[in-house]
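Working notes, beginning with the structure itself.
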Amino acid sequence: MSIKKIERIIQPSGTHFVGDGFKVHNIIPGIQGLSMQRMSPFIMLDYNAPHYFSPSETPRGVDVHPHRGFETVTIAYQGKVEHHDSSGGGGIIEEGDVQWMTAASGVLHKEFHEKEWSKKGGIFQMVQLWVNLPAKYKMSPPKYQAISNQDIPKVQLANNTGVLEVIAGAYNGINGAASTFTEVHLLNVKLNQHGKADFSFPAHYNTAVLVLAGSITINEQNVQTNAFALFANTGENFNISASENAEVLVLSGEPINEPIAAHGPFVMNTRQELMQAMHDFNAGKFGELV
Ligand code: MN
């Protein structure tokens, strides 16, 4: 077993709005050249770093839109999101909760700030991640996992120096809350001052760390708030330590080595399947949602 080294650190770039409710840094597939294949199965990552939204009687967000061929994962750190989709899924993603939506063969959904939260306004912080599906599951039925924070297994780090939430995959033999189609580890790590955690993933897994709060040290290299540290596909082990309170999201997954044909909200394997997705969407085959 050897050290997994950082290949590059992607500093936060400019932000853009998704709808009018999400002010995000787009990290995957980033303008910095981090492709869908490079981070497969993580094919999209938008990070809404803490941002103040003023009170609004009309909730901000993204209105009805389709997805096909992958899963959308929303992690709410601050603020609340209300969701509805055409397969009947829906609910409120509260602070600390995770929504794991398998769009697969296709859903329509909408994502807005929760009504009461919107009226008060406040600091909003959220991650949206797209996890690709292998070809054989792309047309399987949609599925919806509403994972409340209390259902996410927690691992106490040594000497009470932090807590690790296992959203998906496993850490030290503790299995995560979400069921996944391929090997995916998604860990939310809260370190106290002088906290430290060790990680080990297969060398070929695409692995990265997003710093949500504070600054951290990975293998003795400093990584600042909002930066994204991408690991090389060699070595297995790394550690994260913090000299102040910090929070990070650790992502590691087995690459899906298949062609990617992507256009907007559709991620398939071939151009023909993309055309089919657009055709099916226009024909109303993704169901109905008002
Ligand atoms: Mn969406």
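Each chain of the structure tokens is named A, B, ... in the order shown, its residues numbered from 1; ligands are numbered from 1 in display order.
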
Could you please extract the residues within 8 Å of ligand 1, counting only C-alpha atoms and all ligand atoms, and hand them back as number ranges by chain? A: 62, 65-67, 72, 109-111, 265

Using N, CA, C and O atoms, can you write the selected residues to a file as a compact mmCIF listing (two decimals), in the first residue's frame?
```txt
# COMPACT_ATOMS: atom_id res chain seq x y z
N VAL A 62 -35.11 25.89 -9.57
CA VAL A 62 -35.09 25.46 -10.97
C VAL A 62 -36.42 24.77 -11.26
O VAL A 62 -36.80 23.83 -10.56
N HIS A 65 -37.66 20.17 -15.24
CA HIS A 65 -36.69 19.78 -16.28
C HIS A 65 -36.46 18.27 -16.20
O HIS A 65 -36.71 17.66 -15.16
N PRO A 66 -36.00 17.67 -17.27
CA PRO A 66 -35.83 16.21 -17.31
C PRO A 66 -34.40 15.77 -16.94
O PRO A 66 -33.48 16.59 -16.92
N HIS A 67 -34.26 14.49 -16.62
CA HIS A 67 -32.95 13.85 -16.52
C HIS A 67 -33.10 12.42 -17.04
O HIS A 67 -34.14 11.80 -16.82
N THR A 72 -28.95 11.91 -9.59
CA THR A 72 -28.58 13.21 -9.03
C THR A 72 -28.57 13.08 -7.51
O THR A 72 -29.48 12.49 -6.92
N HIS A 109 -38.23 16.71 -12.92
CA HIS A 109 -38.30 17.17 -11.53
C HIS A 109 -38.09 18.67 -11.46
O HIS A 109 -37.77 19.32 -12.44
N LYS A 110 -38.39 19.19 -10.28
CA LYS A 110 -38.13 20.61 -10.01
C LYS A 110 -37.55 20.75 -8.63
O LYS A 110 -37.85 19.95 -7.73
N GLU A 111 -36.68 21.73 -8.47
CA GLU A 111 -35.93 21.91 -7.23
C GLU A 111 -36.00 23.38 -6.83
O GLU A 111 -35.51 24.24 -7.56
N PRO A 265 -29.30 17.72 -19.75
CA PRO A 265 -29.73 16.86 -18.65
C PRO A 265 -29.74 15.37 -18.99
O PRO A 265 -30.28 14.56 -18.24
```

What's around Ile92 (chain A) at 12 Å? Count only C-alpha atoms, leave out sequence neighbours fewer than 4 positions away in its own chain, and write the answer as number ranges by chain. A: 74-76, 79-84, 96-99, 110-117, 146-148

Enumerate, as a list in words, the complete set of residues in region 45-223 of chain A that a backbone-based DSSP assignment places in alpha helix (DSSP H). Lys115, Glu116, Trp117, Ser118, Lys119 and Lys120 of chain A

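Remark: for Gly21 (chain A), the closest of the candidate residues A:Val267, A:Ala262, A:Leu210, A:Ile123 is A:Ile123 (distances computed over only C-alpha atoms).
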
Just asking: which residues within region 198-245 of chain A are strand (DSSP E or B) according to DSSP, as a list in words?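 Output for region 198-245 of chain A, strand (DSSP E or B) only: Asp198, Phe199, Ser200, Asn206, Thr207, Ala208, Val209, Leu210, Val211, Leu212, Ala213, Ile216, Thr217, Ile218, Gln221, Asn222, Val223, Phe228, Ala229, Leu230, Phe231, Asn237, Phe238, Asn239, Ile240, Ser241 and Ala242 of chain A.
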
My list of candidates is A:Gly264, A:Tyr205, A:Gln276, A:Pro259. Which is closest to Met39 (chain A) when distances are computed with only C-alpha atoms?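 That would be A:Tyr205, the residue with the smallest distance to Met39 (chain A).
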
Please measure the separation of CA of Asn245 (chain A) and CA of Ile152 (chain A), giving the value in Å to one decimal. 20.9 Å

Looking at A:Ser40, A:Ser105, A:Asn226, A:Asn282, which one is nearest to Arg68 (chain A), with distances taken over only C-alpha atoms?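 Result for the nearest residue to Arg68 (chain A): A:Ser105.
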
In Å, how far is it from CA of Leu274 (chain A) to CA of Asn132 (chain A)?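 Separation of CA of Leu274 (chain A) and CA of Asn132 (chain A): 14.5 Å.
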